[in-house]
file target13.pdb (PDB, C-alpha atoms)
ATOM      1  CA  MET A   1       1.396 170.770   1.960
ATOM      2  CA  PRO A   2      -0.760 169.332   4.784
ATOM      3  CA  LEU A   3      -4.459 170.160   4.902
ATOM      4  CA  ARG A   4      -5.367 171.650   8.270
ATOM      5  CA  HIS A   5      -9.127 171.936   8.011
ATOM      6  CA  LEU A   6     -10.237 170.147   4.808
ATOM      7  CA  ALA A   7     -11.791 173.510   3.962
ATOM      8  CA  ILE A   8     -11.319 176.355   1.509
ATOM      9  CA  THR A   9      -9.393 178.157   4.264
ATOM     10  CA  ASP A  10      -6.538 175.711   3.764
ATOM     11  CA  VAL A  11      -5.645 177.885   0.775
ATOM     12  CA  PRO A  12      -3.247 180.552   2.133
ATOM     13  CA  GLY A  13      -4.690 184.053   2.024
ATOM     14  CA  ILE A  14      -8.322 182.908   2.218
ATOM     15  CA  ARG A  15     -10.556 183.635   5.206
ATOM     16  CA  VAL A  16     -14.248 182.779   5.605
ATOM     17  CA  GLY A  17     -16.892 184.288   7.852
ATOM     18  CA  HIS A  18     -20.606 183.625   8.342
ATOM     19  CA  ALA A  19     -23.423 185.699   9.793
ATOM     20  CA  GLN A  20     -27.025 184.568  10.016
ATOM     21  CA  ASP A  21     -30.450 185.064  11.552
ATOM     22  CA  LEU A  22     -31.557 181.654  12.792
ATOM     23  CA  GLN A  23     -35.139 182.816  13.397
ATOM     24  CA  ALA A  24     -35.640 184.410   9.989
ATOM     25  CA  LEU A  25     -33.562 181.597   8.401
ATOM     26  CA  THR A  26     -31.295 183.634   6.191
ATOM     27  CA  GLY A  27     -27.638 184.584   6.219
ATOM     28  CA  VAL A  28     -24.478 185.645   4.433
ATOM     29  CA  THR A  29     -21.042 184.141   3.893
ATOM     30  CA  VAL A  30     -17.978 186.161   2.959
ATOM     31  CA  VAL A  31     -14.753 184.838   1.456
ATOM     32  CA  LEU A  32     -12.029 187.381   2.167
ATOM     33  CA  CYS A  33      -8.806 187.633   0.159
ATOM     34  CA  GLU A  34      -7.525 191.002   1.353
ATOM     35  CA  MET A  35      -4.142 190.649  -0.334
ATOM     36  CA  GLY A  36      -5.990 190.321  -3.645
ATOM     37  CA  ALA A  37      -6.724 187.260  -5.746
ATOM     38  CA  VAL A  38      -7.005 186.907  -9.505
ATOM     39  CA  ALA A  39     -10.650 186.119 -10.077
ATOM     40  CA  GLY A  40     -13.056 184.676 -12.611
ATOM     41  CA  MET A  41     -16.622 183.435 -12.606
ATOM     42  CA  ASP A  42     -19.028 181.277 -14.562
ATOM     43  CA  GLN A  43     -22.809 181.657 -14.325
ATOM     44  CA  ARG A  44     -24.903 178.777 -15.667
ATOM     45  CA  GLY A  45     -28.420 178.959 -14.233
ATOM     46  CA  GLY A  46     -31.274 180.871 -15.820
ATOM     47  CA  ALA A  47     -32.223 182.988 -12.795
ATOM     48  CA  PRO A  48     -29.083 184.654 -11.391
ATOM     49  CA  GLY A  49     -28.752 187.478  -8.899
ATOM     50  CA  THR A  50     -25.284 189.040  -8.964
ATOM     51  CA  ARG A  51     -23.203 192.154  -8.328
ATOM     52  CA  GLU A  52     -19.844 193.240  -9.815
ATOM     53  CA  THR A  53     -19.518 190.108 -11.936
ATOM     54  CA  ASP A  54     -18.891 191.878 -15.254
ATOM     55  CA  ALA A  55     -15.569 193.080 -13.842
ATOM     56  CA  LEU A  56     -14.407 189.462 -13.677
ATOM     57  CA  ARG A  57     -14.808 188.808 -17.384
ATOM     58  CA  PRO A  58     -11.784 188.821 -19.698
ATOM     59  CA  MET A  59     -11.022 192.121 -21.464
ATOM     60  CA  HIS A  60     -12.025 194.108 -18.367
ATOM     61  CA  LEU A  61      -9.616 196.263 -16.346
ATOM     62  CA  VAL A  62      -9.808 194.788 -12.839
ATOM     63  CA  GLN A  63      -7.651 191.698 -12.357
ATOM     64  CA  GLU A  64      -8.054 190.994  -8.654
ATOM     65  CA  VAL A  65     -10.854 190.986  -6.096
ATOM     66  CA  HIS A  66     -10.685 191.415  -2.331
ATOM     67  CA  ALA A  67     -13.730 189.407  -1.247
ATOM     68  CA  VAL A  68     -16.641 187.390  -2.581
ATOM     69  CA  VAL A  69     -20.086 187.475  -0.971
ATOM     70  CA  LEU A  70     -22.607 184.620  -0.986
ATOM     71  CA  ALA A  71     -25.958 185.598   0.498
ATOM     72  CA  GLY A  72     -29.562 184.600   0.956
ATOM     73  CA  GLY A  73     -32.417 187.045   0.623
ATOM     74  CA  SER A  74     -32.836 186.913  -3.146
ATOM     75  CA  ALA A  75     -31.874 190.192  -4.842
ATOM     76  CA  PHE A  76     -32.315 192.044  -1.534
ATOM     77  CA  GLY A  77     -29.316 190.130  -0.185
ATOM     78  CA  LEU A  78     -26.916 191.830  -2.578
ATOM     79  CA  ASP A  79     -26.925 194.707  -0.090
ATOM     80  CA  ALA A  80     -24.661 192.586   2.153
ATOM     81  CA  ALA A  81     -21.743 193.378  -0.162
ATOM     82  CA  SER A  82     -21.930 197.035   0.910
ATOM     83  CA  GLY A  83     -21.022 196.020   4.451
ATOM     84  CA  VAL A  84     -18.083 193.998   3.169
ATOM     85  CA  MET A  85     -16.886 196.998   1.162
ATOM     86  CA  ARG A  86     -17.064 199.160   4.285
ATOM     87  CA  TYR A  87     -15.041 196.618   6.264
ATOM     88  CA  LEU A  88     -12.344 196.506   3.599
ATOM     89  CA  GLU A  89     -12.282 200.277   3.075
ATOM     90  CA  GLU A  90     -11.701 200.799   6.791
ATOM     91  CA  ARG A  91      -8.614 198.614   6.477
ATOM     92  CA  GLY A  92      -7.244 200.333   3.387
ATOM     93  CA  VAL A  93      -7.961 197.400   1.089
ATOM     94  CA  GLY A  94      -9.020 197.975  -2.499
ATOM     95  CA  PHE A  95      -8.239 198.868  -6.096
ATOM     96  CA  GLU A  96      -6.083 201.996  -6.207
ATOM     97  CA  THR A  97      -7.781 205.042  -7.736
ATOM     98  CA  PRO A  98      -7.009 208.797  -7.558
ATOM     99  CA  GLY A  99      -9.869 209.187  -5.089
ATOM    100  CA  GLY A 100      -8.862 206.326  -2.839
ATOM    101  CA  ARG A 101      -8.944 202.546  -2.763
ATOM    102  CA  VAL A 102     -12.137 200.876  -3.930
ATOM    103  CA  PRO A 103     -12.687 197.303  -2.681
ATOM    104  CA  ILE A 104     -13.729 194.901  -5.441
ATOM    105  CA  VAL A 105     -16.421 192.657  -3.974
ATOM    106  CA  PRO A 106     -18.463 190.539  -6.391
ATOM    107  CA  ALA A 107     -21.533 188.854  -4.932
ATOM    108  CA  ALA A 108     -24.186 186.269  -5.739
ATOM    109  CA  ILE A 109     -27.442 185.499  -3.958
ATOM    110  CA  LEU A 110     -29.818 182.587  -3.533
ATOM    111  CA  TYR A 111     -33.566 182.594  -2.940
ATOM    112  CA  ASP A 112     -34.525 181.635   0.610
ATOM    113  CA  LEU A 113     -37.628 183.804   1.039
ATOM    114  CA  GLY A 114     -39.845 180.705   1.023
ATOM    115  CA  ILE A 115     -38.614 179.633   4.460
ATOM    116  CA  GLY A 116     -38.425 181.610   7.700
ATOM    117  CA  ASP A 117     -39.335 185.304   7.616
ATOM    118  CA  PRO A 118     -39.182 186.759   4.083
ATOM    119  CA  ARG A 119     -39.173 190.305   5.511
ATOM    120  CA  VAL A 120     -35.689 189.750   6.976
ATOM    121  CA  ARG A 121     -32.814 189.615   4.486
ATOM    122  CA  PRO A 122     -29.039 189.920   4.641
ATOM    123  CA  ASP A 123     -28.047 193.579   4.672
ATOM    124  CA  ALA A 124     -24.893 195.659   4.977
ATOM    125  CA  ALA A 125     -24.758 195.121   8.747
ATOM    126  CA  MET A 126     -24.886 191.359   8.315
ATOM    127  CA  GLY A 127     -22.191 191.502   5.642
ATOM    128  CA  TYR A 128     -19.972 193.513   7.990
ATOM    129  CA  ALA A 129     -20.628 191.029  10.806
ATOM    130  CA  ALA A 130     -19.579 188.149   8.544
ATOM    131  CA  CYS A 131     -16.263 189.918   7.937
ATOM    132  CA  LEU A 132     -15.700 190.345  11.676
ATOM    133  CA  ALA A 133     -16.295 186.603  12.101
ATOM    134  CA  ALA A 134     -13.905 185.617   9.296
ATOM    135  CA  THR A 135     -10.952 183.350  10.102
ATOM    136  CA  ASP A 136      -8.514 181.108   8.278
ATOM    137  CA  GLY A 137      -9.530 178.236  10.563
ATOM    138  CA  PRO A 138     -12.236 175.565  10.361
ATOM    139  CA  VAL A 139     -15.349 176.612   8.437
ATOM    140  CA  PRO A 140     -18.758 175.859  10.009
ATOM    141  CA  GLU A 141     -21.041 173.967   7.610
ATOM    142  CA  GLY A 142     -24.739 173.258   7.229
ATOM    143  CA  ASN A 143     -27.279 175.800   8.496
ATOM    144  CA  VAL A 144     -24.947 178.791   8.660
ATOM    145  CA  GLY A 145     -24.221 181.805   6.500
ATOM    146  CA  ALA A 146     -25.668 181.591   3.011
ATOM    147  CA  GLY A 147     -26.762 178.027   3.774
ATOM    148  CA  THR A 148     -29.053 179.004   6.656
ATOM    149  CA  GLY A 149     -32.247 178.997   4.595
ATOM    150  CA  ALA A 150     -31.094 176.791   1.728
ATOM    151  CA  THR A 151     -33.372 173.975   0.564
ATOM    152  CA  VAL A 152     -33.283 171.356  -2.197
ATOM    153  CA  GLY A 153     -35.717 169.170  -4.127
ATOM    154  CA  LYS A 154     -38.476 171.737  -4.763
ATOM    155  CA  ILE A 155     -40.107 170.339  -7.888
ATOM    156  CA  LEU A 156     -43.237 169.382  -5.882
ATOM    157  CA  GLY A 157     -43.220 172.514  -3.747
ATOM    158  CA  MET A 158     -41.651 173.465  -0.435
ATOM    159  CA  GLN A 159     -43.879 171.070   1.519
ATOM    160  CA  TYR A 160     -41.940 168.152  -0.004
ATOM    161  CA  ALA A 161     -38.499 169.782  -0.112
ATOM    162  CA  MET A 162     -35.483 169.035   2.079
ATOM    163  CA  LYS A 163     -32.910 171.148   3.855
ATOM    164  CA  GLY A 164     -29.811 172.246   1.998
ATOM    165  CA  GLY A 165     -26.883 174.118   3.481
ATOM    166  CA  ILE A 166     -23.318 175.244   2.935
ATOM    167  CA  GLY A 167     -20.308 172.953   2.689
ATOM    168  CA  THR A 168     -16.596 173.165   2.029
ATOM    169  CA  ALA A 169     -13.734 170.930   0.927
ATOM    170  CA  CYS A 170     -10.083 171.165  -0.075
ATOM    171  CA  LEU A 171      -7.755 168.911  -2.051
ATOM    172  CA  GLU A 172      -3.969 168.788  -2.258
ATOM    173  CA  ILE A 173      -3.309 167.755  -5.852
ATOM    174  CA  GLY A 174       0.491 167.506  -5.862
ATOM    175  CA  ASN A 175       3.495 169.826  -5.709
ATOM    176  CA  GLY A 176       1.834 171.771  -2.920
ATOM    177  CA  ILE A 177      -1.043 172.917  -5.117
ATOM    178  CA  LEU A 178      -4.313 173.304  -3.213
ATOM    179  CA  VAL A 179      -7.842 173.571  -4.591
ATOM    180  CA  GLY A 180     -10.671 174.377  -2.203
ATOM    181  CA  ALA A 181     -14.399 174.950  -2.598
ATOM    182  CA  LEU A 182     -17.238 176.496  -0.616
ATOM    183  CA  VAL A 183     -20.780 175.897  -1.893
ATOM    184  CA  ALA A 184     -24.236 177.001  -0.701
ATOM    185  CA  VAL A 185     -26.654 174.328  -1.942
ATOM    186  CA  ASN A 186     -30.167 175.600  -2.679
ATOM    187  CA  ALA A 187     -31.131 173.564  -5.745
ATOM    188  CA  LEU A 188     -34.383 172.887  -7.523
ATOM    189  CA  GLY A 189     -33.110 169.367  -8.161
ATOM    190  CA  ASP A 190     -32.032 166.435  -6.025
ATOM    191  CA  VAL A 191     -28.563 166.013  -4.538
ATOM    192  CA  VAL A 192     -27.063 162.651  -5.477
ATOM    193  CA  ASP A 193     -24.043 160.606  -4.493
ATOM    194  CA  PRO A 194     -21.687 161.093  -7.465
ATOM    195  CA  HIS A 195     -20.302 157.561  -7.045
ATOM    196  CA  THR A 196     -23.598 155.636  -6.904
ATOM    197  CA  GLY A 197     -26.188 158.041  -8.309
ATOM    198  CA  ALA A 198     -28.341 157.457  -5.220
ATOM    199  CA  ILE A 199     -30.396 160.430  -4.044
ATOM    200  CA  LEU A 200     -29.195 161.841  -0.728
ATOM    201  CA  ALA A 201     -31.660 164.715  -0.445
ATOM    202  CA  GLY A 202     -34.398 165.903  -2.727
ATOM    203  CA  ALA A 203     -38.100 166.032  -3.429
ATOM    204  CA  ARG A 204     -39.989 163.600  -1.184
ATOM    205  CA  ARG A 205     -42.967 161.556  -2.321
ATOM    206  CA  PRO A 206     -46.299 162.922  -1.042
ATOM    207  CA  ASP A 207     -47.061 159.472   0.425
ATOM    208  CA  GLY A 208     -43.901 159.623   2.539
ATOM    209  CA  GLN A 209     -42.402 156.540   0.884
ATOM    210  CA  GLY A 210     -38.993 157.758  -0.208
ATOM    211  CA  PHE A 211     -37.903 160.209  -2.872
ATOM    212  CA  ALA A 212     -40.037 161.347  -5.797
ATOM    213  CA  ASP A 213     -36.915 161.627  -8.045
ATOM    214  CA  THR A 214     -37.004 165.004  -9.730
ATOM    215  CA  MET A 215     -35.966 163.577 -13.099
ATOM    216  CA  THR A 216     -38.929 161.207 -13.001
ATOM    217  CA  VAL A 217     -41.247 164.100 -12.142
ATOM    218  CA  LEU A 218     -39.820 166.120 -15.024
ATOM    219  CA  ARG A 219     -40.508 163.254 -17.407
ATOM    220  CA  ILE A 220     -44.153 163.308 -16.314
ATOM    221  CA  LEU A 221     -44.323 167.087 -16.675
ATOM    222  CA  ALA A 222     -42.777 166.883 -20.152
ATOM    223  CA  GLY A 223     -45.585 164.571 -21.189
ATOM    224  CA  GLN A 224     -48.178 166.999 -19.864
ATOM    225  CA  VAL A 225     -46.451 170.132 -21.253
ATOM    226  CA  SER A 226     -47.026 171.526 -17.772
ATOM    227  CA  LEU A 227     -47.730 175.242 -17.640
ATOM    228  CA  SER A 228     -47.486 175.125 -13.845
ATOM    229  CA  PHE A 229     -43.803 174.210 -14.058
ATOM    230  CA  ARG A 230     -43.061 176.990 -16.527
ATOM    231  CA  ARG A 231     -44.712 179.527 -14.266
ATOM    232  CA  ARG A 232     -42.876 178.502 -11.102
ATOM    233  CA  ILE A 233     -41.049 181.261  -9.276
ATOM    234  CA  PRO A 234     -37.258 180.807  -9.521
ATOM    235  CA  GLU A 235     -36.745 179.755  -5.877
ATOM    236  CA  SER A 236     -33.423 177.998  -6.312
ATOM    237  CA  THR A 237     -29.735 178.668  -6.906
ATOM    238  CA  VAL A 238     -26.438 177.024  -6.024
ATOM    239  CA  ILE A 239     -23.654 179.541  -5.461
ATOM    240  CA  GLY A 240     -20.053 178.909  -4.560
ATOM    241  CA  VAL A 241     -16.392 179.818  -4.604
ATOM    242  CA  VAL A 242     -13.357 177.775  -5.572
ATOM    243  CA  ALA A 243      -9.927 178.963  -4.484
ATOM    244  CA  THR A 244      -6.434 177.802  -5.316
ATOM    245  CA  ASN A 245      -2.872 178.821  -4.520
ATOM    246  CA  ALA A 246      -1.998 178.299  -8.181
ATOM    247  CA  ILE A 247      -0.732 181.123 -10.376
ATOM    248  CA  LEU A 248      -3.506 181.831 -12.886
ATOM    249  CA  THR A 249      -4.329 184.590 -15.323
ATOM    250  CA  LYS A 250      -7.771 186.133 -15.301
ATOM    251  CA  GLU A 251      -8.716 184.085 -18.362
ATOM    252  CA  GLU A 252      -7.521 180.913 -16.650
ATOM    253  CA  ALA A 253      -9.469 181.755 -13.490
ATOM    254  CA  ASN A 254     -12.596 182.016 -15.616
ATOM    255  CA  LYS A 255     -11.804 178.604 -17.108
ATOM    256  CA  VAL A 256     -11.420 177.075 -13.644
ATOM    257  CA  ALA A 257     -14.817 178.496 -12.645
ATOM    258  CA  GLN A 258     -16.307 176.979 -15.795
ATOM    259  CA  MET A 259     -14.807 173.548 -15.145
ATOM    260  CA  ALA A 260     -15.831 173.692 -11.479
ATOM    261  CA  HIS A 261     -19.482 173.596 -12.552
ATOM    262  CA  ASN A 262     -18.903 169.959 -13.482
ATOM    263  CA  GLY A 263     -18.978 169.296  -9.752
ATOM    264  CA  LEU A 264     -22.544 170.588  -9.637
ATOM    265  CA  ALA A 265     -23.536 168.464 -12.623
ATOM    266  CA  ARG A 266     -22.187 165.352 -10.868
ATOM    267  CA  THR A 267     -24.062 165.934  -7.624
ATOM    268  CA  ILE A 268     -27.251 167.844  -8.496
ATOM    269  CA  ARG A 269     -29.877 166.368 -10.786
ATOM    270  CA  PRO A 270     -30.804 168.437 -12.721
ATOM    271  CA  ALA A 271     -28.431 171.391 -12.403
ATOM    272  CA  HIS A 272     -28.420 174.742 -14.235
ATOM    273  CA  THR A 273     -32.163 174.923 -14.916
ATOM    274  CA  MET A 274     -34.027 178.102 -15.832
ATOM    275  CA  LEU A 275     -35.254 178.206 -12.222
ATOM    276  CA  ASP A 276     -31.731 178.060 -10.761
ATOM    277  CA  GLY A 277     -29.198 180.887 -10.836
ATOM    278  CA  ASP A 278     -26.150 178.638 -10.429
ATOM    279  CA  MET A 279     -22.919 180.621 -10.105
ATOM    280  CA  ILE A 280     -19.312 179.783  -9.224
ATOM    281  CA  PHE A 281     -16.462 182.207  -8.583
ATOM    282  CA  ALA A 282     -12.783 181.247  -8.856
ATOM    283  CA  LEU A 283      -9.940 182.827  -6.875
ATOM    284  CA  ALA A 284      -6.211 182.305  -7.450
ATOM    285  CA  THR A 285      -3.782 183.581  -4.817
ATOM    286  CA  GLY A 286      -0.723 183.013  -7.033
ATOM    287  CA  GLU A 287       1.881 180.906  -5.212
ATOM    288  CA  LYS A 288       2.432 177.758  -7.294
ATOM    289  CA  GLU A 289       2.920 177.130 -11.004
ATOM    290  CA  ALA A 290       0.134 174.882 -12.233
ATOM    291  CA  ASP A 291      -1.658 173.789 -15.378
ATOM    292  CA  VAL A 292      -5.101 175.352 -15.614
ATOM    293  CA  SER A 293      -6.744 172.148 -16.867
ATOM    294  CA  ILE A 294      -5.469 170.199 -13.872
ATOM    295  CA  VAL A 295      -6.622 172.876 -11.447
ATOM    296  CA  GLY A 296     -10.030 172.992 -13.130
ATOM    297  CA  ALA A 297     -10.423 169.214 -13.035
ATOM    298  CA  PHE A 298      -9.839 169.113  -9.303
ATOM    299  CA  ALA A 299     -11.953 172.219  -8.734
ATOM    300  CA  ALA A 300     -14.884 170.134  -9.961
ATOM    301  CA  GLU A 301     -13.924 167.381  -7.499
ATOM    302  CA  ALA A 302     -13.745 169.858  -4.622
ATOM    303  CA  VAL A 303     -17.117 171.363  -5.556
ATOM    304  CA  ALA A 304     -18.743 167.930  -5.644
ATOM    305  CA  GLU A 305     -17.357 167.088  -2.216
ATOM    306  CA  ALA A 306     -18.479 170.440  -0.804
ATOM    307  CA  VAL A 307     -22.032 169.849  -2.081
ATOM    308  CA  ILE A 308     -22.235 166.476  -0.332
ATOM    309  CA  ARG A 309     -20.796 167.917   2.881
ATOM    310  CA  ALA A 310     -23.396 170.701   2.798
ATOM    311  CA  ILE A 311     -26.206 168.144   2.680
ATOM    312  CA  GLN A 312     -24.737 165.913   5.365
ATOM    313  CA  ALA A 313     -24.153 168.857   7.721
ATOM    314  CA  ALA A 314     -27.607 170.393   7.262
ATOM    315  CA  GLU A 315     -30.216 170.234  10.019
ATOM    316  CA  GLY A 316     -33.978 170.112   9.605
ATOM    317  CA  VAL A 317     -35.873 173.335  10.341
ATOM    318  CA  ALA A 318     -39.389 174.748   9.945
ATOM    319  CA  GLY A 319     -40.799 171.290   9.260
ATOM    320  CA  ILE A 320     -38.321 170.656   6.438
ATOM    321  CA  PRO A 321     -36.251 167.520   7.116
ATOM    322  CA  ALA A 322     -32.563 167.093   6.476
ATOM    323  CA  TRP A 323     -30.532 164.112   5.237
ATOM    324  CA  ARG A 324     -29.739 163.086   8.790
ATOM    325  CA  ASP A 325     -33.467 162.898   9.630
ATOM    326  CA  LEU A 326     -34.424 160.319   7.014
ATOM    327  CA  GLU A 327     -34.884 156.754   8.158
ATOM    328  CA  TRP A 328     -34.680 155.319   4.639
ATOM    329  CA  LYS A 329     -31.179 156.709   4.094
ATOM    330  CA  ARG A 330     -29.965 153.855   6.294
TER     331      ARG A 330
END
call {"tool": "encode", "arguments": {"input": "target13.pdb", "output": "structure tokens"}}
result
Amino acid sequence: MPLRHLAITDVPGIRVGHAQDLQALTGVTVVLCEMGAVAGMDQRGGAPGTRETDALRPMHLVQEVHAVVLAGGSAFGLDAASGVMRYLEERGVGFETPGGRVPIVPAAILYDLGIGDPRVRPDAAMGYAACLAATDGPVPEGNVGAGTGATVGKILGMQYAMKGGIGTACLEIGNGILVGALVAVNALGDVVDPHTGAILAGARRPDGQGFADTMTVLRILAGQVSLSFRRRIPESTVIGVVATNAILTKEEANKVAQMAHNGLARTIRPAHTMLDGDMIFALATGEKEADVSIVGAFAAEAVAEAVIRAIQAAEGVAGIPAWRDLEWKR
């Protein structure tokens, strides 16, 4: 099966829409699957912000979801899911109940209140607007949607951070099986090339001479038993969605989400800290027979590629530089 866009929208039945406020530097991204998709999730960071995620766990009634929301705004941004529910309800999409169809719309947020205007957050209107913008075509990347206010490399504070963003990728892994990913990259740690280990974006040295290397900084803090690090506000989180046209059970979808986190571990150093709320959803639209371990292995590959694309597409804003701005990257 040919890949049209090298994006998560190559998976049939998946549409993506963004809405954002470029002055306030926040936004929302919606992944629509109106025909329903078997869903799972895996949450690894210590500071999550989520909605409707318990329904995705095994031994719970609901098997399919109709959209997933990724938003900025910290916990305030969860309100964007209400707009997505309204959009779906108007179109008769949802879980059948005696009182009508109820759209199942899990959501996860990232913290972007440290950039732009913290008084402006994604709300129901922005979530609805993202649905109206959704297509199965190319997916804009970088400073859009949930990636609008994303930053990375914050161990030394925002003044030495770099711009993150949102990225997407899709792989055809044989027999027409597709695995796509969409990731909003807003990490405490540095983003690294998974092939070389070189830092692409992260905490910058205060003297302007390259990267500080977050792992090196953590080694210093470990020696000092730094109380300042322990008291840091959780300002980071990487959130994303993987989607496949494979036929998966709910338990298998949860396994794919779990394995997909390996893509974060390969590209973000460190990942899954107590100050990150890292979260990945998995969607299966159910067209092709596939082994769950194979799908999960390539979900991690797609996530890793999406993370790198997010960094390379990001643009510097509010005095925070992006990968493309750095002279030493060349």
call {"tool": "residues_around", "arguments": {"input": "target13.pdb", "residues": "Gly286 of chain A", "least_positions_apart": "3", "cutoff": "8 Å", "atoms": "all atoms listed in the file", "output": "list in words"}}
result
Ala37, Val38, Thr244, Asn245, Ala246, Ile247, Leu248 and Glu289 of chain A
call {"tool": "resolve_selection", "arguments": {"input": "target13.pdb", "expression": "the PyMOL selection byres ((chain A and resi 11) around 7)", "output": "ChimeraX atom specification"}}
result
/A:8-10,12-14,178,180,243-245
call {"tool": "closest_atom_pairs", "arguments": {"input": "target13.pdb", "of": "segment 196-291 of chain A", "to": "segment 187-192 of chain A", "cutoff": "7 Å", "atoms": "all atoms listed in the file", "output": "JSON lines"}}
result
{"residue": "A:Gly197", "atom": "CA", "partner": "A:Val192", "partner_atom": "CA", "distance": 5.5}
{"residue": "A:Ala198", "atom": "CA", "partner": "A:Val192", "partner_atom": "CA", "distance": 5.4}
{"residue": "A:Ile199", "atom": "CA", "partner": "A:Val192", "partner_atom": "CA", "distance": 4.3}
{"residue": "A:Leu200", "atom": "CA", "partner": "A:Val192", "partner_atom": "CA", "distance": 5.3}
{"residue": "A:Ala201", "atom": "CA", "partner": "A:Val191", "partner_atom": "CA", "distance": 5.3}
{"residue": "A:Gly202", "atom": "CA", "partner": "A:Asp190", "partner_atom": "CA", "distance": 4.1}
{"residue": "A:Ala203", "atom": "CA", "partner": "A:Asp190", "partner_atom": "CA", "distance": 6.6}
{"residue": "A:Thr214", "atom": "CA", "partner": "A:Gly189", "partner_atom": "CA", "distance": 6.1}
{"residue": "A:Ser236", "atom": "CA", "partner": "A:Ala187", "partner_atom": "CA", "distance": 5.0}
{"residue": "A:Thr237", "atom": "CA", "partner": "A:Ala187", "partner_atom": "CA", "distance": 5.4}
{"residue": "A:Val238", "atom": "CA", "partner": "A:Ala187", "partner_atom": "CA", "distance": 5.8}
{"residue": "A:Thr267", "atom": "CA", "partner": "A:Val192", "partner_atom": "CA", "distance": 4.9}
{"residue": "A:Ile268", "atom": "CA", "partner": "A:Val191", "partner_atom": "CA", "distance": 4.6}
{"residue": "A:Arg269", "atom": "CA", "partner": "A:Gly189", "partner_atom": "CA", "distance": 5.1}
{"residue": "A:Pro270", "atom": "CA", "partner": "A:Gly189", "partner_atom": "CA", "distance": 5.2}
{"residue": "A:Ala271", "atom": "CA", "partner": "A:Gly189", "partner_atom": "CA", "distance": 6.6}
{"residue": "A:Asp276", "atom": "CA", "partner": "A:Leu188", "partner_atom": "CA", "distance": 6.7}
call {"tool": "atom_distance", "arguments": {"input": "target13.pdb", "atom1": "atom CA of Arg119 of chain A", "atom2": "atom CA of Leu22 of chain A"}}
result
13.6 Å
call {"tool": "closest_residue", "arguments": {"input": "target13.pdb", "among": "A:Arg15, A:Arg51, A:Lys154, A:His261", "to": "Ala80 of chain A", "atoms": "all atoms listed in the file"}}
result
A:Arg51
call {"tool": "closest_residue", "arguments": {"input": "target13.pdb", "among": "A:Gly157, A:Glu252, A:Ala108, A:Glu301", "to": "Pro206 of chain A", "atoms": "only C-alpha atoms"}}
result
A:Gly157
call {"tool": "residues_around", "arguments": {"input": "target13.pdb", "residues": "segment 64-71 of chain A", "least_positions_apart": "5", "cutoff": "9 Å", "atoms": "all atoms listed in the file", "output": "JSON, numbers by chain"}}
result
{"A": [26, 27, 28, 29, 30, 31, 32, 33, 34, 35, 36, 37, 38, 39, 40, 56, 77, 78, 80, 81, 84, 85, 88, 93, 94, 95, 103, 104, 105, 106, 107, 108, 109, 110, 111, 121, 122, 127, 145, 146, 147, 183, 184, 239, 240, 241, 250, 281, 283, 284]}
call {"tool": "closest_residue", "arguments": {"input": "target13.pdb", "among": "A:Arg266, A:Ile280, A:Thr97, A:His5", "to": "Thr196 of chain A", "atoms": "all atoms listed in the file"}}
result
A:Arg266
call {"tool": "axis_aligned_box", "arguments": {"input": "target13.pdb", "around": "segment 267-283 of chain A", "padding_each_side": "3 Å", "output": "AutoDock Vina command-line options"}}
result
--center_x -22.6 --center_y 174.4 --center_z -11.4 --size_x 31.3 --size_y 22.9 --size_z 15.0
call {"tool": "closest_residue", "arguments": {"input": "target13.pdb", "among": "A:Val303, A:Ile115, A:Ala265, A:Leu6", "to": "Met162 of chain A", "atoms": "all atoms listed in the file"}}
result
A:Ile115
call {"tool": "residues_around", "arguments": {"input": "target13.pdb", "residues": "Ala297 of chain A", "least_positions_apart": "6", "cutoff": "10 Å", "atoms": "only C-alpha atoms", "output": "VMD selection string"}}
result
chain A and resid 179 256 259 to 260 262 to 263
call {"tool": "residues_around", "arguments": {"input": "target13.pdb", "residues": "Arg324 of chain A", "least_positions_apart": "2", "cutoff": "10 Å", "atoms": "only C-alpha atoms", "output": "list in words"}}
result
Lys163, Leu200, Ala201, Ile311, Gln312, Ala313, Ala314, Glu315, Gly316, Pro321, Ala322, Leu326, Glu327, Lys329 and Arg330 of chain A
